[in-house]
Structures are given as C-alpha cells and as structure tokens.
file coords.txt (compact mmCIF, C-alpha atoms)
# COMPACT_ATOMS: atom_id res chain seq x y z
CA MET A 17 182.34 -90.78 6.80
CA ALA A 18 180.36 -89.26 3.93
CA ASN A 19 176.98 -87.93 4.93
CA TYR A 20 175.33 -89.17 1.77
CA VAL A 21 175.20 -92.27 -0.41
CA MET A 22 174.27 -92.28 -4.08
CA GLU A 23 172.81 -94.79 -6.45
CA ILE A 24 172.48 -93.65 -10.07
CA GLY A 25 169.79 -95.00 -12.35
CA GLU A 26 166.43 -94.13 -13.86
CA VAL A 27 165.36 -93.47 -10.28
CA THR A 28 168.48 -91.97 -8.76
CA LYS A 29 168.68 -92.19 -4.99
CA VAL A 30 170.66 -89.95 -2.69
CA LYS A 31 170.57 -90.88 0.98
CA LEU A 32 171.35 -87.96 3.25
CA HIS A 33 172.15 -88.44 6.89
CA GLY A 34 173.53 -86.64 9.90
CA HIS A 35 174.54 -83.03 9.42
CA ILE A 36 174.94 -81.45 5.99
CA ASP A 37 176.68 -78.29 7.08
CA ALA A 38 179.09 -76.07 5.14
CA SER A 39 182.00 -78.37 5.94
CA ILE A 40 180.24 -81.31 4.22
CA ALA A 41 178.15 -79.66 1.50
CA PRO A 42 180.99 -78.92 -0.99
CA ALA A 43 181.73 -82.66 -1.26
CA LEU A 44 178.01 -83.35 -1.77
CA MET A 45 177.94 -80.71 -4.52
CA GLU A 46 180.87 -82.41 -6.29
CA GLU A 47 179.13 -85.78 -6.12
CA LEU A 48 175.95 -84.25 -7.52
CA LYS A 49 177.99 -82.85 -10.43
CA THR A 50 179.10 -86.38 -11.36
CA LEU A 51 175.49 -87.46 -11.16
CA ILE A 52 174.36 -84.62 -13.42
CA ALA A 53 176.95 -85.64 -16.00
CA ARG A 54 174.77 -88.76 -16.44
CA LYS A 55 171.50 -86.84 -16.52
CA SER A 56 170.22 -88.50 -19.68
CA GLU A 57 169.75 -91.70 -17.61
CA ILE A 58 167.82 -89.99 -14.83
CA LYS A 59 164.03 -89.66 -14.73
CA LYS A 60 163.55 -89.11 -10.99
CA LEU A 61 165.90 -87.94 -8.26
CA VAL A 62 165.05 -89.01 -4.73
CA PHE A 63 166.65 -87.42 -1.67
CA TYR A 64 166.05 -89.77 1.27
CA ALA A 65 166.17 -87.58 4.37
CA ASP A 66 164.79 -89.80 7.14
CA GLU A 67 168.23 -89.88 8.80
CA LEU A 68 169.07 -86.26 8.02
CA GLU A 69 169.26 -84.21 11.22
CA TYR A 70 170.37 -80.85 9.92
CA ILE A 71 170.88 -79.03 6.62
CA ALA A 72 172.39 -75.57 6.10
CA SER A 73 172.05 -73.27 3.10
CA ALA A 74 175.13 -74.87 1.54
CA GLY A 75 173.21 -78.17 1.42
CA ILE A 76 170.07 -76.48 0.08
CA ARG A 77 172.21 -74.96 -2.69
CA SER A 78 173.26 -78.46 -3.73
CA VAL A 79 169.61 -79.47 -4.11
CA VAL A 80 168.84 -76.28 -6.08
CA PHE A 81 171.87 -76.90 -8.30
CA ALA A 82 170.78 -80.48 -9.02
CA LYS A 83 167.21 -79.46 -9.81
CA GLN A 84 168.34 -76.64 -12.11
CA LYS A 85 170.80 -78.81 -14.01
CA LEU A 86 168.49 -81.80 -14.36
CA GLY A 87 165.71 -79.62 -15.74
CA ALA A 88 161.95 -79.47 -15.38
CA ASN A 89 161.33 -83.00 -16.69
CA VAL A 90 163.13 -84.69 -13.80
CA GLU A 91 160.98 -84.87 -10.69
CA VAL A 92 162.91 -84.34 -7.46
CA PHE A 93 161.61 -85.99 -4.29
CA LEU A 94 162.32 -85.24 -0.63
CA VAL A 95 161.40 -88.35 1.34
CA GLY A 96 161.05 -88.90 5.08
CA ALA A 97 162.31 -85.47 6.14
CA SER A 98 161.61 -84.26 9.67
CA GLU A 99 159.65 -81.07 10.29
CA THR A 100 162.85 -79.13 11.03
CA ILE A 101 164.34 -80.12 7.67
CA ILE A 102 161.09 -79.33 5.83
CA ASP A 103 161.03 -75.95 7.61
CA VAL A 104 164.39 -74.98 6.06
CA PHE A 105 163.17 -75.94 2.59
CA LYS A 106 159.99 -73.93 3.20
CA MET A 107 161.83 -70.82 4.43
CA THR A 108 164.01 -70.78 1.33
CA GLY A 109 161.03 -71.34 -0.98
CA ILE A 110 162.62 -74.49 -2.42
CA ILE A 111 159.85 -76.77 -1.15
CA LYS A 112 157.53 -75.91 -4.07
CA PHE A 113 159.97 -77.50 -6.53
CA LEU A 114 160.09 -80.79 -4.63
CA THR A 115 157.66 -83.64 -4.18
CA VAL A 116 157.60 -84.21 -0.43
CA GLN A 117 156.66 -87.69 0.76
CA ASP A 118 156.87 -89.73 3.96
CA LYS A 119 157.77 -92.84 1.96
CA PHE A 120 158.86 -92.92 -1.67
CA GLU A 121 156.00 -93.64 -4.06
CA GLU A 122 156.63 -93.32 -7.79
CA MET B 8 175.09 -65.13 31.99
CA LEU B 9 177.51 -64.60 29.11
CA LYS B 10 179.26 -67.65 27.66
CA ASN B 11 181.85 -67.38 24.94
CA TRP B 12 184.01 -69.58 22.70
CA THR B 13 186.99 -69.12 20.37
CA PHE B 14 187.81 -71.38 17.42
CA PRO B 15 190.18 -71.35 14.43
CA ALA B 16 188.27 -69.70 11.55
CA GLU B 17 188.14 -72.84 9.41
CA ARG B 18 185.19 -74.79 8.01
CA LYS B 19 186.47 -78.07 9.45
CA PHE B 20 185.73 -76.75 12.94
CA LEU B 21 182.08 -75.97 12.09
CA PRO B 22 180.69 -79.23 13.52
CA GLN B 23 182.36 -78.50 16.88
CA MET B 24 181.15 -74.90 16.84
CA LEU B 25 177.60 -76.03 16.06
CA THR B 26 177.65 -78.60 18.86
CA GLU B 27 178.57 -75.85 21.34
CA ILE B 28 175.95 -73.50 19.92
CA GLU B 29 173.18 -76.08 20.02
CA GLY B 30 174.10 -77.04 23.58
CA GLU B 31 173.91 -73.45 24.73
CA ILE B 32 170.75 -72.26 22.96
CA SER B 33 168.85 -75.43 23.85
CA LYS B 34 168.95 -74.19 27.46
CA TYR B 35 166.58 -71.40 26.42
CA ILE B 36 164.63 -72.84 23.50
CA SER B 37 162.73 -76.09 23.54
CA ASN B 38 160.89 -75.71 20.23
CA ASN B 39 162.83 -77.87 17.74
CA ILE B 40 162.00 -75.72 14.72
CA TRP B 41 163.31 -72.56 16.38
CA LEU B 42 166.31 -74.32 17.87
CA ASN B 43 167.21 -75.49 14.37
CA ARG B 44 166.58 -72.04 12.86
CA LEU B 45 168.92 -70.33 15.34
CA LYS B 46 171.59 -72.97 14.86
CA LEU B 47 171.23 -72.44 11.11
CA CYS B 48 171.57 -68.64 11.47
CA SER B 49 174.69 -69.11 13.57
CA GLU B 50 176.24 -71.39 10.98
CA GLU B 51 175.46 -69.02 8.11
CA ILE B 52 177.11 -66.13 10.00
CA LEU B 53 180.13 -68.25 10.94
CA VAL B 54 180.59 -69.39 7.33
CA ASN B 55 180.55 -65.78 6.14
CA ILE B 56 183.26 -64.90 8.67
CA ILE B 57 185.35 -67.93 7.72
CA ASP B 58 185.02 -67.32 3.98
CA TYR B 59 185.34 -63.54 3.82
CA SER B 60 187.01 -61.98 6.88
CA GLY B 61 190.45 -63.55 6.51
CA SER B 62 190.69 -63.81 10.30
CA LYS B 63 192.63 -66.76 11.75
CA THR B 64 190.26 -67.13 14.68
CA LEU B 65 186.69 -66.23 15.50
CA GLY B 66 184.73 -65.95 18.69
CA PHE B 67 181.08 -66.12 19.58
CA SER B 68 179.04 -65.64 22.70
CA PHE B 69 175.45 -65.89 23.88
CA GLU B 70 173.64 -63.97 26.55
CA PHE B 71 170.11 -64.39 27.82
CA LEU B 72 168.55 -60.95 28.32
CA GLU B 73 166.09 -61.63 31.10
CA ASN B 74 164.33 -58.26 31.01
CA GLU B 75 163.70 -58.54 27.30
CA ASN B 76 163.18 -62.31 27.26
CA ALA B 77 165.61 -62.43 24.38
CA LEU B 78 168.78 -64.20 23.36
CA ARG B 79 171.70 -62.05 22.25
CA PHE B 80 174.32 -63.54 19.93
CA GLU B 81 177.70 -61.90 19.32
CA PHE B 82 180.27 -62.92 16.69
CA ILE B 83 183.77 -61.41 16.70
CA ASP B 84 186.75 -61.77 14.38
CA GLU B 85 189.97 -59.87 13.74
CA GLY B 86 189.86 -59.95 9.94
CA THR B 87 189.54 -57.15 7.43
CA PRO B 88 186.50 -54.91 7.94
CA TYR B 89 183.56 -56.88 6.60
CA ASN B 90 179.89 -56.22 7.14
CA PRO B 91 177.92 -59.45 6.66
CA LEU B 92 174.67 -57.48 6.60
CA GLU B 93 175.63 -55.86 3.29
CA ASN B 94 175.56 -57.55 -0.10
CA ASP B 95 172.03 -58.75 0.53
CA ASN B 96 171.12 -60.35 -2.78
CA GLU B 97 167.43 -60.00 -1.93
CA VAL B 98 166.61 -63.64 -2.51
CA ASP B 99 163.18 -63.96 -4.10
CA ILE B 100 161.69 -67.07 -2.52
CA GLU B 101 158.78 -66.91 -4.97
CA ALA B 102 161.10 -67.04 -8.01
CA GLU B 103 160.93 -69.92 -10.44
CA MET B 104 163.70 -72.51 -10.25
CA ASP B 105 165.46 -71.32 -13.44
CA GLU B 106 165.64 -67.79 -12.04
CA ARG B 107 167.04 -68.88 -8.69
CA SER B 108 170.47 -67.57 -7.77
CA ILE B 109 172.59 -70.20 -6.08
CA GLY B 110 174.03 -67.65 -3.63
CA GLY B 111 172.59 -65.29 -1.04
CA LEU B 112 170.55 -67.85 0.91
CA GLY B 113 172.68 -67.55 4.05
CA ILE B 114 172.24 -63.81 4.53
CA PHE B 115 168.56 -64.16 3.60
CA LEU B 116 168.09 -66.74 6.35
CA TYR B 117 169.77 -64.88 9.19
CA THR B 118 168.28 -61.49 8.36
CA THR B 119 164.84 -63.12 8.14
CA ILE B 120 165.04 -65.22 11.30
CA MET B 121 166.72 -62.78 13.68
CA ASP B 122 164.73 -59.85 15.12
CA LYS B 123 167.60 -57.33 15.27
CA MET B 124 171.09 -57.36 13.83
CA ALA B 125 173.90 -54.81 13.98
CA TYR B 126 177.47 -54.66 12.73
CA ARG B 127 180.36 -52.49 13.89
CA TYR B 128 184.12 -52.42 13.35
CA GLU B 129 185.88 -51.54 16.58
CA ASN B 130 189.52 -51.78 17.73
CA GLY B 131 190.46 -53.91 14.74
CA LYS B 132 187.54 -56.28 15.23
CA ASN B 133 184.42 -57.10 13.26
CA ILE B 134 181.56 -57.37 15.75
CA LEU B 135 178.17 -58.67 14.70
CA THR B 136 175.31 -58.82 17.18
CA ALA B 137 171.95 -60.48 16.70
CA ILE B 138 168.91 -60.53 18.96
CA LYS B 139 166.13 -63.11 18.93
CA ASN B 140 163.06 -62.44 21.03
CA LEU B 141 161.91 -65.57 22.80
CA GLY B 142 158.17 -65.19 22.53
CA GLU B 143 155.61 -67.93 22.90
CA ALA B 144 156.17 -69.22 19.38
CA VAL B 145 159.90 -69.60 19.90
CA ASN B 146 159.71 -71.30 23.27

call {"tool": "encode", "arguments": {"input": "coords.txt", "output": "structure tokens"}}
result
Amino acid sequence: MANYVMEIGEVTKVKLHGHIDASIAPALMEELKTLIARKSEIKKLVFYADELEYIASAGIRSVVFAKQKLGANVEVFLVGASETIIDVFKMTGIIKFLTVQDKFEE
Amino acid sequence: MLKNWTFPAERKFLPQMLTEIEGEISKYISNNIWLNRLKLCSEEILVNIIDYSGSKTLGFSFEFLENENALRFEFIDEGTPYNPLENDNEVDIEAEMDERSIGGLGIFLYTTIMDKMAYRYENGKNILTAIKNLGEAVN
C-alpha cells in the first residue's frame, strides 16, 4: 500500500501516512516529479501529516525537492504533524520553508 | 545485555529492521522525540551500508552501558571498506532553499544526534559504533 495519496489542483494535497522510510521515499519522489510537471496549475502544496508516524531523511529530501522545483511563489504547508515529525523538520532546518498548521487554513 | 540481528542488506528489509530497533531502544528511552531520533539515526546508517558497502548482509546490535548510562549501537557489514563518517557534506541548516543540497542529510543527522561515533575496518568487516548518553533530556 502506498504511504501517500495525491490530489493535484490549485491547492495540491499530499496525504502522508505510516512510515516514510528509505524503502518508500523513492516512490514518493517519483510521484512528486509527476506533480511538479504540472506546476503551472499549483498555487499551494499541502502535506497532510496527521497520520504520518515516521519520516527519514529520504522523505525530507522529497519535500525539499518539491519546494525547490515549485519555486518561492508556491506556499508549502505541513498540516497536523506530530511533535516527532516536526522535530525532524526542525533538525534539518527545513521547517522555516514550510507553513506549519494543525488544520489546513488557506 | 547485548542483542544483535542480521538482515539481508536490502532496502526492502528496512521496515523489519526498524521495527526491531524501535522495540529494543524503547526499553531504555521513553521520550518519543529521542526514541524517534535514534531510530532515524539507525535508519540513516543502515541505508548508507545498504547503498554503499556492497555487502550482502548487515548486522546490528545494541548494548546498554550501565556505568555510563548510555546506549551503544554497533553496525557491521562485510562489504568493501567504507567509512560512513567521511564525506560529510557539512549541511548548512541555515541555508536558503535554493542553496540546499538534496544529499548529505543522513550523515548530518547521525553525527549531530549521536554523542560519539567511531569507524574501523577489521578482519574484512566495516564496524561502526555509536554511543548515545541517556541523560535526563533523553529519558
């Protein structure tokens, strides 16, 4: 079972759940590449993380990749993440590029 | 007490490895943030071994050092000599997004989180040890 679900639109939603470890992250990266190919449609990218239990650096790299490719004008959200998930984003310094929310508010 | 495991050195076995690791270190660490950090370090080290050592199998063990109130991790493989403490890309966590390198986060994480790390190549084996002191913040 994939550990993410995507919905592409002006507000693009990526639901992350379970464990995004190095055995899963390459597939997530490939999916994000298909999403980025349609970047002209995207104004906001929302990672829903309320069911995400664990993320490794390979998963963080996917988020960095998406943010870099989408550019500064696309706001990237991290929504509903637990303190352990937020901690990983903080340690890697990626948190400052994300809008962190408990519930998504545009 | 020393506990150890051996697995095929393949990414598809990572979830099983991580389940074993979490089960073992949770006996010593109750703080969720630190439990997650040490699991993360272990994964980053394992992925380096899987991707770069060329070994068919890998082993890892944990030992609680009572006198030092510390947890000692050991990772062993029989691949080509490979020091996972080298090639530190010196990740700049203050860097702007455009300047961010997409690699190097793994080594940054485990060298930052662990208190002591050492590598040696001995009898045809890569041996990496890591120590985490279990102070008040960690427990």

call {"tool": "residues_around", "arguments": {"input": "coords.txt", "residues": "Phe115 of chain B", "least_positions_apart": "3", "cutoff": "12 Å", "atoms": "all atoms listed in the file", "output": "list in words"}}
result
Ser73, Val104, Met107, Thr108 and Gly109 of chain A; Leu47, Cys48, Glu51, Ile52, Pro91, Leu92, Glu93, Asn94, Asp95, Asn96, Glu97, Val98, Asp99, Ile100, Gly110, Gly111, Leu112, Thr118, Thr119, Ile120 and Met121 of chain B

call {"tool": "atom_distance", "arguments": {"input": "coords.txt", "atom1": "atom CA of Thr28 of chain A", "atom2": "atom CA of Ala82 of chain A"}}
result
11.7 Å

call {"tool": "interface_residues", "arguments": {"input": "coords.txt", "of": "chain B", "to": "chain A", "cutoff": "6 Å", "atoms": "only C-alpha atoms", "output": "list in words"}}
result
Arg18, Lys19, Ile40, Ile100, Ile109 and Gly113 of chain B

call {"tool": "atom_distance", "arguments": {"input": "coords.txt", "atom1": "atom CA of Met22 of chain A", "atom2": "atom CA of Phe63 of chain A"}}
result
9.4 Å

call {"tool": "residues_around", "arguments": {"input": "coords.txt", "residues": "Glu73 of chain B", "least_positions_apart": "5", "cutoff": "12 Å", "atoms": "all atoms listed in the file", "output": "number ranges by chain"}}
result
B: 8-9, 35, 78-79, 140-141

call {"tool": "residues_around", "arguments": {"input": "coords.txt", "residues": "Glu26 of chain A", "least_positions_apart": "3", "cutoff": "6 Å", "atoms": "all atoms listed in the file", "output": "list of chain:residue names"}}
result
A:Glu57, A:Ile58, A:Lys59

call {"tool": "atom_distance", "arguments": {"input": "coords.txt", "atom1": "atom CA of Lys132 of chain B", "atom2": "atom CA of Pro88 of chain B"}}
result
7.5 Å

call {"tool": "residues_around", "arguments": {"input": "coords.txt", "residues": "Lys29 of chain A", "least_positions_apart": "2", "cutoff": "8 Å", "atoms": "all atoms listed in the file", "output": "list of chain:residue names"}}
result
A:Val21, A:Met22, A:Glu23, A:Ile24, A:Gly25, A:Val27, A:Lys31, A:Leu61, A:Val62, A:Phe63, A:Tyr64

call {"tool": "closest_residue", "arguments": {"input": "coords.txt", "among": "B:Tyr89, B:Val145, B:Ile114, B:Gly131", "to": "Asn39 of chain B", "atoms": "all atoms listed in the file"}}
result
B:Val145

call {"tool": "residues_around", "arguments": {"input": "coords.txt", "residues": "Thr26 of chain B", "least_positions_apart": "3", "cutoff": "12 Å", "atoms": "only C-alpha atoms", "output": "MDAnalysis selection string"}}
result
(chainID A and resid 35 37 70) or (chainID B and resid 12 20:23 29:33 43 46:47 49:50)

call {"tool": "build_atoms", "arguments": {"input": "coords.txt", "residues": "segment 8-19 of chain B", "atoms": "N, CA and C atoms", "output": "tab-separated table (two decimals), keeping the file's coordinate frame"}}
result
chain	number	residue	atom	x	y	z
B	8	MET	N	173.68	-64.79	31.93
B	8	MET	CA	175.09	-65.13	31.99
B	8	MET	C	175.68	-65.18	30.58
B	9	LEU	N	176.87	-64.62	30.42
B	9	LEU	CA	177.51	-64.60	29.11
B	9	LEU	C	178.47	-65.77	28.99
B	10	LYS	N	178.31	-66.55	27.92
B	10	LYS	CA	179.26	-67.65	27.66
B	10	LYS	C	179.91	-67.39	26.32
B	11	ASN	N	181.21	-67.63	26.23
B	11	ASN	CA	181.85	-67.38	24.94
B	11	ASN	C	182.88	-68.46	24.56
B	12	TRP	N	183.12	-68.57	23.26
B	12	TRP	CA	184.01	-69.58	22.70
B	12	TRP	C	184.92	-68.94	21.64
B	13	THR	N	186.09	-69.53	21.46
B	13	THR	CA	186.99	-69.12	20.37
B	13	THR	C	187.42	-70.36	19.60
B	14	PHE	N	187.41	-70.26	18.28
B	14	PHE	CA	187.81	-71.38	17.42
B	14	PHE	C	188.70	-70.86	16.28
B	15	PRO	N	189.52	-71.73	15.68
B	15	PRO	CA	190.18	-71.35	14.43
B	15	PRO	C	189.09	-71.08	13.38
B	16	ALA	N	189.29	-70.06	12.55
B	16	ALA	CA	188.27	-69.70	11.55
B	16	ALA	C	188.42	-70.60	10.33
B	17	GLU	N	188.04	-71.86	10.49
B	17	GLU	CA	188.14	-72.84	9.41
B	17	GLU	C	186.85	-73.68	9.38
B	18	ARG	N	186.44	-74.02	8.16
B	18	ARG	CA	185.19	-74.79	8.01
B	18	ARG	C	185.23	-76.13	8.74
B	19	LYS	N	186.42	-76.74	8.83
B	19	LYS	CA	186.47	-78.07	9.45
B	19	LYS	C	186.10	-78.04	10.93
